[in-house]
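target_32.cif (mmCIF, C-alpha atoms and all ligand atoms) appears below.
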```
data_upload
#
loop_
_atom_site.label_atom_id
_atom_site.label_comp_id
_atom_site.auth_asym_id
_atom_site.auth_seq_id
_atom_site.Cartn_x
_atom_site.Cartn_y
_atom_site.Cartn_z
CA MET A 1 92.80 -30.38 -56.33
CA GLU A 2 96.26 -31.85 -56.74
CA GLY A 3 96.49 -34.25 -59.67
CA LEU A 4 94.02 -32.24 -61.74
CA ILE A 5 95.19 -30.46 -64.87
CA ASP A 6 94.79 -26.67 -65.03
CA GLU A 7 91.60 -26.83 -67.14
CA GLU A 8 90.01 -29.20 -64.63
CA ARG A 9 90.87 -26.95 -61.68
CA GLU A 10 89.24 -24.11 -63.57
CA ILE A 11 86.07 -26.18 -64.11
CA VAL A 12 85.83 -27.00 -60.40
CA LYS A 13 86.34 -23.31 -59.60
CA ILE A 14 83.62 -22.23 -62.05
CA VAL A 15 81.16 -24.70 -60.51
CA ARG A 16 82.10 -23.46 -57.01
CA GLU A 17 81.35 -19.88 -58.09
CA PHE A 18 78.06 -20.97 -59.69
CA VAL A 19 77.03 -22.59 -56.40
CA ASP A 20 77.90 -19.54 -54.31
CA ARG A 21 76.32 -17.07 -56.74
CA ASP A 22 73.25 -18.89 -58.08
CA VAL A 23 72.46 -21.83 -55.80
CA LYS A 24 73.07 -20.84 -52.17
CA PRO A 25 70.71 -17.81 -52.30
CA VAL A 26 67.73 -19.83 -53.61
CA VAL A 27 68.22 -23.35 -52.29
CA GLN A 28 66.17 -23.03 -49.10
CA GLU A 29 63.10 -21.76 -50.91
CA LEU A 30 63.33 -24.38 -53.68
CA ASP A 31 63.95 -27.21 -51.23
CA HIS A 32 61.16 -26.31 -48.85
CA ALA A 33 58.65 -25.85 -51.67
CA ASN A 34 59.93 -29.05 -53.35
CA THR A 35 60.29 -27.05 -56.58
CA TYR A 36 62.05 -28.49 -59.62
CA PRO A 37 65.12 -26.27 -60.19
CA GLU A 38 64.45 -25.58 -63.88
CA LYS A 39 66.66 -22.51 -64.14
CA LEU A 40 69.61 -24.03 -62.29
CA ILE A 41 69.46 -27.21 -64.39
CA GLU A 42 69.40 -25.10 -67.57
CA THR A 43 72.48 -23.26 -66.39
CA MET A 44 74.16 -26.59 -65.60
CA LYS A 45 73.43 -27.69 -69.17
CA GLN A 46 74.99 -24.54 -70.56
CA MET A 47 78.02 -25.05 -68.34
CA GLY A 48 78.52 -28.49 -69.90
CA ILE A 49 77.98 -30.35 -66.63
CA PHE A 50 75.88 -33.08 -68.29
CA GLY A 51 78.76 -33.76 -70.68
CA LEU A 52 81.60 -34.07 -68.18
CA ALA A 53 81.85 -37.83 -68.73
CA ILE A 54 81.43 -37.79 -72.52
CA PRO A 55 84.60 -37.65 -74.67
CA GLU A 56 85.16 -36.41 -78.21
CA PRO A 57 83.84 -36.81 -80.84
CA TRP A 58 80.49 -36.80 -79.02
CA GLY A 59 81.26 -34.29 -76.27
CA GLU A 60 83.60 -31.34 -75.77
CA ALA A 61 84.51 -31.26 -72.11
CA ARG A 62 85.21 -34.72 -70.77
CA VAL A 63 87.11 -34.59 -67.49
CA SER A 64 88.92 -37.19 -65.40
CA THR A 65 86.88 -39.04 -62.78
CA PRO A 66 88.66 -37.25 -59.87
CA CYS A 67 87.60 -33.93 -61.44
CA TYR A 68 84.07 -35.26 -61.94
CA VAL A 69 83.93 -36.22 -58.25
CA LEU A 70 85.07 -32.75 -57.19
CA VAL A 71 82.49 -31.08 -59.46
CA THR A 72 79.86 -33.33 -57.86
CA GLU A 73 81.09 -32.26 -54.41
CA GLU A 74 80.75 -28.59 -55.35
CA LEU A 75 77.21 -29.02 -56.69
CA SER A 76 76.16 -31.03 -53.67
CA ARG A 77 77.68 -28.44 -51.35
CA GLY A 78 75.05 -26.09 -52.79
CA TRP A 79 72.21 -28.60 -53.05
CA MET A 80 72.53 -32.36 -53.17
CA SER A 81 69.54 -32.52 -55.52
CA LEU A 82 71.53 -30.76 -58.27
CA ALA A 83 74.23 -33.41 -58.09
CA GLY A 84 71.49 -36.05 -58.09
CA ALA A 85 70.14 -34.63 -61.34
CA MET A 86 73.32 -35.59 -63.19
CA GLY A 87 74.30 -38.82 -61.36
CA GLY A 88 72.31 -41.49 -63.20
CA HIS A 89 72.88 -39.54 -66.44
CA THR A 90 76.62 -40.08 -66.10
CA VAL A 91 76.23 -43.79 -65.41
CA VAL A 92 74.17 -44.16 -68.59
CA ALA A 93 76.72 -42.14 -70.58
CA LYS A 94 79.51 -44.43 -69.34
CA LEU A 95 77.46 -47.55 -70.15
CA ILE A 96 76.87 -46.37 -73.71
CA GLN A 97 80.53 -45.44 -74.21
CA SER A 98 81.77 -48.74 -72.85
CA TYR A 99 79.25 -51.18 -74.28
CA GLY A 100 77.06 -49.38 -76.84
CA THR A 101 77.02 -50.03 -80.56
CA GLN A 102 78.39 -47.30 -82.85
CA GLU A 103 74.82 -46.36 -83.70
CA GLN A 104 73.91 -46.02 -79.99
CA LYS A 105 76.99 -43.91 -79.28
CA ASP A 106 76.40 -41.61 -82.25
CA GLY A 107 72.67 -41.45 -81.60
CA TYR A 108 72.68 -40.70 -77.88
CA LEU A 109 75.97 -39.27 -76.67
CA PRO A 110 76.00 -35.93 -78.55
CA ARG A 111 72.53 -35.05 -77.22
CA MET A 112 73.42 -36.30 -73.75
CA ALA A 113 76.59 -34.18 -73.68
CA THR A 114 74.58 -30.97 -74.03
CA GLY A 115 71.87 -32.15 -71.63
CA GLU A 116 69.30 -31.88 -74.44
CA LEU A 117 68.65 -35.57 -73.80
CA ARG A 118 68.72 -36.54 -70.15
CA ALA A 119 69.10 -40.11 -69.01
CA THR A 120 68.56 -42.16 -65.90
CA MET A 121 68.88 -45.76 -64.86
CA ALA A 122 66.01 -47.99 -63.78
CA LEU A 123 67.08 -50.97 -61.69
CA THR A 124 65.10 -51.07 -58.46
CA GLU A 125 61.72 -52.81 -58.34
CA PRO A 126 58.93 -52.56 -55.75
CA GLY A 127 59.81 -56.11 -54.64
CA GLY A 128 63.45 -55.23 -53.89
CA GLY A 129 66.50 -53.24 -54.95
CA SER A 130 69.40 -55.07 -53.32
CA ASP A 131 68.78 -58.43 -54.94
CA LEU A 132 68.83 -57.22 -58.53
CA GLN A 133 69.07 -60.69 -60.01
CA ALA A 134 65.64 -61.45 -58.56
CA MET A 135 64.03 -58.73 -60.67
CA THR A 136 60.80 -59.55 -62.45
CA THR A 137 60.62 -56.96 -65.26
CA THR A 138 60.87 -58.86 -68.53
CA ALA A 139 61.60 -58.06 -72.16
CA LYS A 140 60.39 -60.79 -74.46
CA ARG A 141 61.62 -60.94 -78.00
CA ASP A 142 58.86 -60.77 -80.62
CA GLY A 143 60.27 -60.49 -84.15
CA ASP A 144 62.22 -57.24 -84.40
CA GLU A 145 60.89 -55.97 -81.10
CA TYR A 146 61.06 -56.53 -77.36
CA VAL A 147 57.83 -56.48 -75.38
CA ILE A 148 58.44 -55.07 -71.89
CA ASN A 149 56.31 -55.83 -68.82
CA GLY A 150 56.97 -54.94 -65.19
CA SER A 151 57.57 -52.00 -62.92
CA LYS A 152 60.43 -50.09 -61.35
CA THR A 153 60.48 -47.81 -58.34
CA TRP A 154 62.51 -44.97 -56.86
CA ILE A 155 63.65 -43.93 -60.32
CA SER A 156 65.27 -40.53 -59.97
CA ASN A 157 64.63 -37.95 -62.70
CA ALA A 158 62.15 -40.34 -64.32
CA ARG A 159 59.94 -37.56 -65.62
CA LYS A 160 62.67 -35.27 -66.91
CA SER A 161 64.74 -38.03 -68.49
CA ASP A 162 63.69 -39.25 -71.91
CA LEU A 163 66.22 -42.09 -71.96
CA LEU A 164 66.16 -45.00 -69.52
CA ALA A 165 68.87 -47.60 -69.08
CA LEU A 166 66.36 -50.26 -68.10
CA LEU A 167 67.51 -53.45 -66.41
CA VAL A 168 65.34 -56.36 -67.58
CA LYS A 169 65.25 -60.11 -67.78
CA THR A 170 65.50 -61.20 -71.40
CA ASP A 171 65.72 -64.81 -70.22
CA PRO A 172 63.92 -65.28 -66.88
CA ALA A 173 64.78 -69.01 -66.84
CA ALA A 174 68.56 -68.51 -67.22
CA ARG A 175 70.83 -70.02 -64.56
CA PRO A 176 72.88 -68.49 -63.08
CA LYS A 177 70.25 -65.77 -62.99
CA HIS A 178 72.55 -62.93 -64.04
CA LYS A 179 72.95 -64.56 -67.46
CA GLY A 180 69.33 -63.67 -68.19
CA VAL A 181 69.79 -59.95 -67.46
CA SER A 182 70.11 -57.30 -70.18
CA ILE A 183 70.02 -53.50 -70.40
CA LEU A 184 67.65 -51.83 -72.81
CA LEU A 185 68.09 -48.21 -73.84
CA VAL A 186 64.48 -47.08 -73.83
CA GLU A 187 63.54 -43.67 -75.20
CA LYS A 188 60.17 -42.61 -73.86
CA THR A 189 57.92 -39.68 -73.31
CA LEU A 190 55.10 -39.54 -70.81
CA SER A 191 52.67 -40.48 -73.62
CA THR A 192 54.60 -43.43 -75.05
CA PRO A 193 52.17 -46.37 -75.37
CA GLY A 194 52.79 -49.02 -72.73
CA PHE A 195 54.74 -46.67 -70.43
CA THR A 196 53.22 -45.14 -67.30
CA LEU A 197 54.75 -42.86 -64.72
CA SER A 198 52.55 -44.09 -61.87
CA ARG A 199 53.46 -41.69 -59.07
CA ASP A 200 56.04 -39.47 -57.44
CA LEU A 201 57.35 -40.88 -54.17
CA PRO A 202 57.23 -38.60 -51.12
CA LYS A 203 60.70 -38.23 -49.55
CA LEU A 204 62.54 -37.07 -46.44
CA GLY A 205 65.05 -35.05 -48.45
CA TYR A 206 66.46 -34.94 -52.01
CA LYS A 207 63.70 -32.44 -52.76
CA GLY A 208 63.00 -30.74 -56.06
CA VAL A 209 64.11 -33.72 -58.13
CA GLU A 210 61.53 -36.40 -58.74
CA SER A 211 61.81 -40.07 -57.71
CA CYS A 212 59.07 -42.11 -59.33
CA GLU A 213 57.40 -45.41 -59.80
CA ILE A 214 57.15 -46.40 -63.45
CA ALA A 215 55.33 -49.25 -65.13
CA PHE A 216 55.59 -51.08 -68.45
CA GLU A 217 52.64 -52.90 -69.93
CA GLN A 218 53.21 -54.57 -73.28
CA MET A 219 55.56 -51.72 -74.20
CA ARG A 220 57.21 -52.41 -77.55
CA VAL A 221 60.73 -51.25 -78.41
CA PRO A 222 62.96 -52.22 -81.35
CA VAL A 223 65.63 -54.90 -80.69
CA SER A 224 68.26 -52.26 -81.51
CA CYS A 225 67.53 -50.91 -78.00
CA LEU A 226 69.62 -53.71 -76.49
CA LEU A 227 72.80 -52.19 -75.04
CA GLY A 228 75.66 -53.74 -77.00
CA GLU A 229 75.37 -56.79 -79.20
CA ALA A 230 74.48 -59.70 -76.92
CA GLU A 231 71.67 -60.47 -74.50
CA GLY A 232 72.59 -61.68 -71.00
CA THR A 233 75.50 -59.30 -70.36
CA GLY A 234 73.48 -56.54 -68.69
CA PHE A 235 74.28 -57.46 -65.11
CA ALA A 236 78.05 -57.25 -65.61
CA GLN A 237 77.63 -54.03 -67.63
CA MET A 238 75.57 -52.45 -64.85
CA MET A 239 78.02 -53.49 -62.13
CA ARG A 240 80.80 -51.61 -63.97
CA GLY A 241 78.44 -48.66 -64.49
CA LEU A 242 77.63 -48.62 -60.79
CA GLU A 243 81.31 -48.09 -59.99
CA VAL A 244 81.04 -44.56 -61.36
CA GLY A 245 77.58 -44.24 -59.81
CA ARG A 246 78.99 -45.03 -56.39
CA LEU A 247 81.84 -42.57 -56.88
CA GLN A 248 79.23 -39.97 -57.73
CA VAL A 249 77.28 -40.76 -54.56
CA ALA A 250 80.53 -40.48 -52.58
CA GLY A 251 81.04 -37.06 -54.21
CA ARG A 252 77.54 -36.04 -53.18
CA ALA A 253 78.28 -37.11 -49.60
CA LEU A 254 81.46 -35.01 -49.64
CA GLY A 255 79.42 -32.00 -50.70
CA VAL A 256 76.83 -32.40 -47.95
CA GLY A 257 79.56 -33.03 -45.38
CA ARG A 258 81.54 -30.02 -46.49
CA ALA A 259 78.54 -27.71 -46.43
CA ALA A 260 77.69 -28.91 -42.91
CA LEU A 261 81.27 -28.37 -41.77
CA GLU A 262 81.60 -24.94 -43.39
CA ASP A 263 78.36 -23.75 -41.81
CA SER A 264 79.50 -25.13 -38.45
CA MET A 265 82.87 -23.38 -38.68
CA ARG A 266 81.16 -20.08 -39.36
CA TYR A 267 78.50 -20.48 -36.70
CA SER A 268 80.87 -21.64 -33.98
CA GLN A 269 82.99 -18.52 -34.44
CA GLU A 270 79.99 -16.17 -34.38
CA ARG A 271 77.96 -17.74 -31.59
CA GLU A 272 79.13 -17.06 -28.07
CA SER A 273 78.34 -18.70 -24.76
CA PHE A 274 79.95 -18.18 -21.36
CA GLY A 275 81.77 -15.19 -22.88
CA VAL A 276 83.63 -17.03 -25.65
CA PRO A 277 82.92 -18.20 -29.22
CA ILE A 278 81.56 -21.72 -28.86
CA TRP A 279 84.37 -23.32 -30.87
CA LYS A 280 86.58 -22.59 -27.87
CA HIS A 281 84.59 -25.02 -25.75
CA GLN A 282 86.51 -28.23 -26.02
CA SER A 283 83.43 -30.31 -26.88
CA ILE A 284 82.54 -28.14 -29.87
CA GLY A 285 86.18 -27.90 -30.96
CA ASN A 286 86.40 -31.68 -30.82
CA TYR A 287 83.34 -32.00 -33.08
CA LEU A 288 84.95 -29.70 -35.63
CA ALA A 289 88.23 -31.60 -35.46
CA GLU A 290 86.44 -34.93 -35.99
CA MET A 291 84.36 -33.50 -38.84
CA VAL A 292 87.30 -32.18 -40.82
CA THR A 293 89.27 -35.38 -40.24
CA LYS A 294 86.43 -37.55 -41.52
CA LEU A 295 85.75 -35.27 -44.48
CA THR A 296 89.41 -35.18 -45.52
CA ALA A 297 89.77 -38.96 -45.21
CA ALA A 298 86.56 -39.46 -47.20
CA ARG A 299 87.74 -37.15 -49.96
CA GLN A 300 91.13 -38.84 -50.23
CA LEU A 301 89.53 -42.28 -50.36
CA THR A 302 87.09 -41.11 -53.04
CA LEU A 303 89.84 -39.56 -55.17
CA TYR A 304 91.91 -42.72 -54.81
CA ALA A 305 88.95 -44.80 -56.01
CA ALA A 306 88.32 -42.37 -58.88
CA ARG A 307 91.95 -42.72 -60.05
CA LYS A 308 91.64 -46.49 -59.88
CA PHE A 309 88.48 -46.30 -62.00
CA ASP A 310 90.28 -44.17 -64.60
CA SER A 311 93.12 -46.70 -64.76
CA GLY A 312 90.64 -49.07 -66.40
CA GLN A 313 91.08 -51.67 -63.64
CA ARG A 314 88.19 -53.17 -61.74
CA ALA A 315 87.29 -50.65 -59.04
CA ASP A 316 84.20 -52.07 -57.36
CA MET A 317 85.98 -52.52 -54.03
CA GLU A 318 87.45 -49.00 -54.12
CA ALA A 319 84.19 -47.35 -55.24
CA GLY A 320 82.34 -49.33 -52.56
CA MET A 321 84.78 -48.24 -49.85
CA ALA A 322 84.54 -44.60 -50.98
CA LYS A 323 80.73 -44.65 -51.03
CA LEU A 324 80.52 -46.45 -47.69
CA PHE A 325 83.00 -44.25 -45.86
CA ALA A 326 81.98 -40.92 -47.40
CA SER A 327 78.26 -41.46 -46.80
CA GLU A 328 78.70 -42.58 -43.19
CA ALA A 329 81.01 -39.58 -42.66
CA ALA A 330 78.39 -37.25 -44.16
CA MET A 331 75.72 -38.68 -41.83
CA GLN A 332 77.90 -38.10 -38.79
CA ILE A 333 79.03 -34.64 -39.89
CA ALA A 334 75.43 -33.57 -40.59
CA LEU A 335 74.38 -34.77 -37.13
CA ASP A 336 77.28 -33.00 -35.44
CA ALA A 337 76.40 -29.83 -37.36
CA VAL A 338 72.92 -30.00 -35.80
CA ARG A 339 74.49 -30.33 -32.35
CA ILE A 340 76.83 -27.37 -32.95
CA HIS A 341 73.95 -25.18 -34.08
CA GLY A 342 71.96 -26.01 -30.95
CA GLY A 343 68.27 -25.09 -31.36
CA TYR A 344 69.00 -23.42 -34.69
CA GLY A 345 70.20 -26.77 -36.01
CA TYR A 346 66.58 -27.86 -35.76
CA SER A 347 65.26 -24.74 -37.45
CA THR A 348 64.11 -24.76 -41.06
CA GLU A 349 65.52 -21.22 -41.34
CA PHE A 350 69.02 -22.71 -41.38
CA ASP A 351 70.51 -25.06 -44.00
CA VAL A 352 71.75 -27.56 -41.43
CA GLU A 353 68.39 -29.33 -41.18
CA ARG A 354 68.53 -29.96 -44.95
CA TYR A 355 71.96 -31.58 -44.73
CA PHE A 356 70.53 -33.81 -42.03
CA ARG A 357 67.64 -34.81 -44.32
CA ASP A 358 69.79 -35.23 -47.45
CA ALA A 359 72.67 -37.23 -45.95
CA PRO A 360 70.73 -40.50 -45.44
CA LEU A 361 70.09 -40.91 -49.17
CA MET A 362 73.78 -41.60 -49.70
CA ILE A 363 73.78 -44.52 -47.26
CA VAL A 364 70.91 -46.13 -49.21
CA GLY A 365 71.18 -45.06 -52.87
CA GLU A 366 73.29 -46.81 -55.52
CA GLY A 367 73.35 -49.94 -53.36
CA THR A 368 72.93 -49.74 -49.59
CA ASN A 369 75.98 -49.61 -47.34
CA GLU A 370 75.24 -53.16 -46.22
CA ILE A 371 75.56 -54.22 -49.85
CA GLN A 372 78.78 -52.18 -50.21
CA ARG A 373 80.27 -54.15 -47.31
CA ASN A 374 79.36 -57.39 -49.12
CA VAL A 375 81.05 -56.15 -52.30
CA ILE A 376 84.14 -55.01 -50.40
CA VAL A 377 84.66 -58.21 -48.42
CA ARG A 378 84.16 -60.44 -51.49
CA GLN A 379 86.87 -58.55 -53.36
CA LEU A 380 89.10 -58.37 -50.31
CA ILE A 381 89.13 -62.15 -49.97
CA LYS A 382 89.47 -62.66 -53.72
CA ARG A 383 92.44 -60.30 -54.00
CA GLY A 384 93.97 -61.81 -50.90
CA THR A 385 96.20 -58.86 -50.14
CA VAL A 386 95.96 -55.33 -48.85
CA ALA A 387 99.59 -54.50 -49.56
CA PRO A 388 99.95 -51.21 -51.48
C1 LIG A 401 65.72 -41.10 -53.16
C2 LIG A 401 66.09 -42.38 -53.84
C3 LIG A 401 66.48 -42.36 -55.16
C4 LIG A 401 66.77 -43.56 -55.83
N1 LIG A 401 67.08 -43.52 -57.17
C5 LIG A 401 67.16 -44.69 -57.85
C6 LIG A 401 67.33 -44.70 -59.28
O1 LIG A 401 67.44 -43.66 -59.93
N2 LIG A 401 67.35 -45.89 -59.92
C7 LIG A 401 67.24 -47.08 -59.26
O2 LIG A 401 67.24 -48.12 -59.91
N3 LIG A 401 67.09 -47.10 -57.91
C8 LIG A 401 67.06 -45.94 -57.19
N4 LIG A 401 66.90 -45.96 -55.82
C9 LIG A 401 66.71 -47.24 -55.15
C10 LIG A 401 67.86 -47.68 -54.28
O3 LIG A 401 68.97 -48.03 -55.07
C11 LIG A 401 67.33 -48.83 -53.41
O4 LIG A 401 66.43 -48.27 -52.47
C12 LIG A 401 68.42 -49.59 -52.72
O5 LIG A 401 69.21 -50.28 -53.66
C13 LIG A 401 67.87 -50.59 -51.69
O6 LIG A 401 66.84 -51.36 -52.23
P1 LIG A 401 65.47 -51.51 -51.40
O7 LIG A 401 65.02 -50.15 -51.06
O8 LIG A 401 64.57 -52.38 -52.17
O9 LIG A 401 65.89 -52.23 -50.06
P2 LIG A 401 66.01 -53.81 -49.79
O10 LIG A 401 66.78 -54.44 -50.88
O11 LIG A 401 64.65 -54.33 -49.50
O12 LIG A 401 66.86 -53.83 -48.44
C14 LIG A 401 66.29 -53.57 -47.16
C15 LIG A 401 67.40 -53.68 -46.10
O13 LIG A 401 67.97 -55.00 -46.13
C16 LIG A 401 69.37 -54.91 -46.34
N5 LIG A 401 69.81 -56.04 -47.17
C17 LIG A 401 69.20 -56.56 -48.26
N6 LIG A 401 69.92 -57.56 -48.76
C18 LIG A 401 71.04 -57.68 -48.00
C19 LIG A 401 72.18 -58.52 -48.02
N7 LIG A 401 72.37 -59.45 -48.96
N8 LIG A 401 73.13 -58.34 -47.07
C20 LIG A 401 72.98 -57.40 -46.09
N9 LIG A 401 71.90 -56.56 -46.03
C21 LIG A 401 70.96 -56.70 -46.98
C22 LIG A 401 69.58 -53.59 -47.08
O14 LIG A 401 70.90 -53.11 -46.94
C23 LIG A 401 68.56 -52.71 -46.36
O15 LIG A 401 69.11 -52.30 -45.14
C24 LIG A 401 66.69 -44.78 -55.12
C25 LIG A 401 66.35 -44.78 -53.77
C26 LIG A 401 66.05 -43.61 -53.12
C27 LIG A 401 65.64 -43.65 -51.67
#
```
Let's see the structure in the file written out as structure tokens.
Ligand SMILES: Cc1cc2nc3c(=O)[nH]c(=O)nc-3n(C[C@H](O)[C@H](O)[C@H](O)COP(=O)(O)OP(=O)(O)OC[C@H]3O[C@@H](n4cnc5c(N)ncnc54)[C@H](O)[C@@H]3O)c2cc1C
Amino acid sequence: MEGLIDEEREIVKIVREFVDRDVKPVVQELDHANTYPEKLIETMKQMGIFGLAIPEPWGEARVSTPCYVLVTEELSRGWMSLAGAMGGHTVVAKLIQSYGTQEQKDGYLPRMATGELRATMALTEPGGGSDLQAMTTTAKRDGDEYVINGSKTWISNARKSDLLALLVKTDPAARPKHKGVSILLVEKTLSTPGFTLSRDLPKLGYKGVESCEIAFEQMRVPVSCLLGEAEGTGFAQMMRGLEVGRLQVAGRALGVGRAALEDSMRYSQERESFGVPIWKHQSIGNYLAEMVTKLTAARQLTLYAARKFDSGQRADMEAGMAKLFASEAAMQIALDAVRIHGGYGYSTEFDVERYFRDAPLMIVGEGTNEIQRNVIVRQLIKRGTVAP
């Protein structure tokens, strides 16, 4: 936690204690029953977790991005779904702070800071998530309103969030295509005319928190919903927002990786074979050594990227590297944890199987790792140097 101020260290510690006290004892039951963690989310609201990215005068407990990443790691160590419940929310909060009008900031941020209003982002469409510029959801201007038509899929927290940062085409004919993309801040309930939550998507992991398909049919919203002042800037706005989103996903990967490593450390000291604790077998010891090395490298890379983000400089390459490396590390660590636990690694009575189901989300979500590599190499060539 070096580099964090005392108050931030205290926040990370409080979240760690919350996870050990309130999350670890109930996570298996909630996950296996795919139950929405109402009580835990309420506690997270009271702890100020939904406001960690919102500064004064709208919020009370804004922290640095490295601290935010470490809080995410702690939550995810308990249950990745809890960290997922506040990921998109933070991206939307950052978007509103950076690009919103005064009215949007004053109207949304105070309620978002307490968690009273939850937010999520809606980018991906059934026809594709990686090629965002090819999206087909439109918002057509009609007097003082936009009329929205289209559908989005895989939208996390879509039922529990009343505010969507919705990526739309306000000018489908614009070339280059990104100049026709805008973000609308859409407040909705499940009974808002023109809005439908079509279905919940069944998933391998990331249980308890909903991921949904949503549809818009002639949905009317006031033009004041446009994020910022000008149409056609939404793509660039979202790319900056996704930097923090990718740092959050890296933080989630750190949490899953750490939980898998901690469980493996414990188990390999308790379990004996051939008369010794299994960690003393060189193969198992080597797994543990590789796991801690990968986890430590992933955390350092993520904190480095988080500091770069806070410096105000462009950090897409750094956030992409952090997300890529941390998520691949989490996948490998989760798999090695299964190996170390032997047959029990395959048992639903142990947490290890959950880490193994949750880890793959981080290689896909917030832009797949193939897309991260594209982002990284483009910036690498553009910057032309890797000198420190
Ligand atoms: C549990 C879950 C929660 C999610 N939550 C949200 C959310 O809240 N909001 C939201 O908007 N989205 C969300 N997503 C969607 C997620 O961001 C997309 O699934 C992801 O961006 C990939 O899009 P796709 O699934 O359409 O895959 P596709 O774009 O169809 O890609 C398929 C494959 O082709 C590869 N590929 C595609 N294009 C290229 C290329 N140019 N170069 C190299 N490889 C390429 C991809 O990497 C992938 O391997 C969520 C997804 C999941 C699984």
For a quick check of understanding, using only C-alpha atoms, which of A:Glu243, A:Glu73, A:Asp200, A:Glu103 has the smallest distance to Ala330 in chain A?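 Closest residue, counting only C-alpha atoms: A:Glu73.
For the point (84.8, -32.4, -34.9) in file coordinates, the residues within 10 Å, using all atoms listed in the file, are A:Leu261, A:Ser264, A:Met265, A:Trp279, A:Gln282, A:Ser283, A:Ile284, A:Gly285, A:Asn286, A:Tyr287, A:Leu288, A:Ala289, A:Glu290, A:Met291, A:Val292, A:Thr293, A:Lys294, A:Gln332, A:Ile333, A:Asp336, A:Ala337, A:Ile340.
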Each side padded by 6 Å, which centre and which edge lengths in Å (one decimal) define the axis-aligned box around the listed atoms of range 23-39 of chain A? Give them as AutoDock Vina command-line options.
```
--center_x 65.9 --center_y -23.4 --center_z -56.5 --size_x 26.4 --size_y 23.2 --size_z 27.3
```
From the options A:Ser76, A:Thr233, A:Asn149, A:Ser161, which residue's atoms come nearest to ligand LIG 401 (chain A), counting all atoms listed in the file?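 So, comparing all the options, the nearest one is A:Ser161.
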Tell me which of A:Arg307, A:Lys169, A:Arg246, A:Arg62 sits closest to ligand LIG 401 (chain A), counting all atoms listed in the file.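 Looking only at the distances to ligand LIG 401 (chain A), the closest residue turns out to be A:Arg246.
The shortest atom-to-atom distance to ligand LIG 401 (chain A), with all atoms listed in the file taken into account, belongs to A:Met121 out of A:Ala173, A:Ile41, A:Met121, A:Val375.
We find CA of Asn369 in chain A and CA of Ser98 in chain A to be spaced 26.2 Å apart.
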So, counting only C-alpha atoms and all ligand atoms, which residue among A:Leu123, A:Ile376, A:Ala319, A:Met112 is closest to ligand LIG 401 (chain A)?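 Residue with the minimum atom-to-atom distance to ligand LIG 401 (chain A): A:Leu123.
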Counting only C-alpha atoms and all ligand atoms, what are the residues, protein, DNA or RNA alike, that approach ligand LIG 401 (chain A) to within 10 Å? I want them as a CSV table (one decimal) with C-alpha atoms, keeping the file's coordinate frame.
```
chain,number,residue,atom,x,y,z
A,81,SER,CA,69.5,-32.5,-55.5
A,84,GLY,CA,71.5,-36.0,-58.1
A,85,ALA,CA,70.1,-34.6,-61.3
A,87,GLY,CA,74.3,-38.8,-61.4
A,88,GLY,CA,72.3,-41.5,-63.2
A,89,HIS,CA,72.9,-39.5,-66.4
A,119,ALA,CA,69.1,-40.1,-69.0
A,120,THR,CA,68.6,-42.2,-65.9
A,121,MET,CA,68.9,-45.8,-64.9
A,122,ALA,CA,66.0,-48.0,-63.8
A,123,LEU,CA,67.1,-51.0,-61.7
A,124,THR,CA,65.1,-51.1,-58.5
A,125,GLU,CA,61.7,-52.8,-58.3
A,126,PRO,CA,58.9,-52.6,-55.8
A,127,GLY,CA,59.8,-56.1,-54.6
A,128,GLY,CA,63.4,-55.2,-53.9
A,129,GLY,CA,66.5,-53.2,-55.0
A,130,SER,CA,69.4,-55.1,-53.3
A,131,ASP,CA,68.8,-58.4,-54.9
A,132,LEU,CA,68.8,-57.2,-58.5
A,152,LYS,CA,60.4,-50.1,-61.4
A,153,THR,CA,60.5,-47.8,-58.3
A,154,TRP,CA,62.5,-45.0,-56.9
A,155,ILE,CA,63.6,-43.9,-60.3
A,156,SER,CA,65.3,-40.5,-60.0
A,157,ASN,CA,64.6,-38.0,-62.7
A,158,ALA,CA,62.2,-40.3,-64.3
A,164,LEU,CA,66.2,-45.0,-69.5
A,165,ALA,CA,68.9,-47.6,-69.1
A,166,LEU,CA,66.4,-50.3,-68.1
A,167,LEU,CA,67.5,-53.4,-66.4
A,201,LEU,CA,57.4,-40.9,-54.2
A,202,PRO,CA,57.2,-38.6,-51.1
A,203,LYS,CA,60.7,-38.2,-49.6
A,204,LEU,CA,62.5,-37.1,-46.4
A,205,GLY,CA,65.0,-35.0,-48.4
A,206,TYR,CA,66.5,-34.9,-52.0
A,207,LYS,CA,63.7,-32.4,-52.8
A,209,VAL,CA,64.1,-33.7,-58.1
A,210,GLU,CA,61.5,-36.4,-58.7
A,211,SER,CA,61.8,-40.1,-57.7
A,212,CYS,CA,59.1,-42.1,-59.3
A,213,GLU,CA,57.4,-45.4,-59.8
A,358,ASP,CA,69.8,-35.2,-47.4
A,360,PRO,CA,70.7,-40.5,-45.4
A,361,LEU,CA,70.1,-40.9,-49.2
A,362,MET,CA,73.8,-41.6,-49.7
A,363,ILE,CA,73.8,-44.5,-47.3
A,364,VAL,CA,70.9,-46.1,-49.2
A,365,GLY,CA,71.2,-45.1,-52.9
A,366,GLU,CA,73.3,-46.8,-55.5
A,367,GLY,CA,73.4,-49.9,-53.4
A,368,THR,CA,72.9,-49.7,-49.6
A,369,ASN,CA,76.0,-49.6,-47.3
A,370,GLU,CA,75.2,-53.2,-46.2
A,371,ILE,CA,75.6,-54.2,-49.8
A,372,GLN,CA,78.8,-52.2,-50.2
A,373,ARG,CA,80.3,-54.2,-47.3
A,374,ASN,CA,79.4,-57.4,-49.1
A,375,VAL,CA,81.0,-56.2,-52.3
```
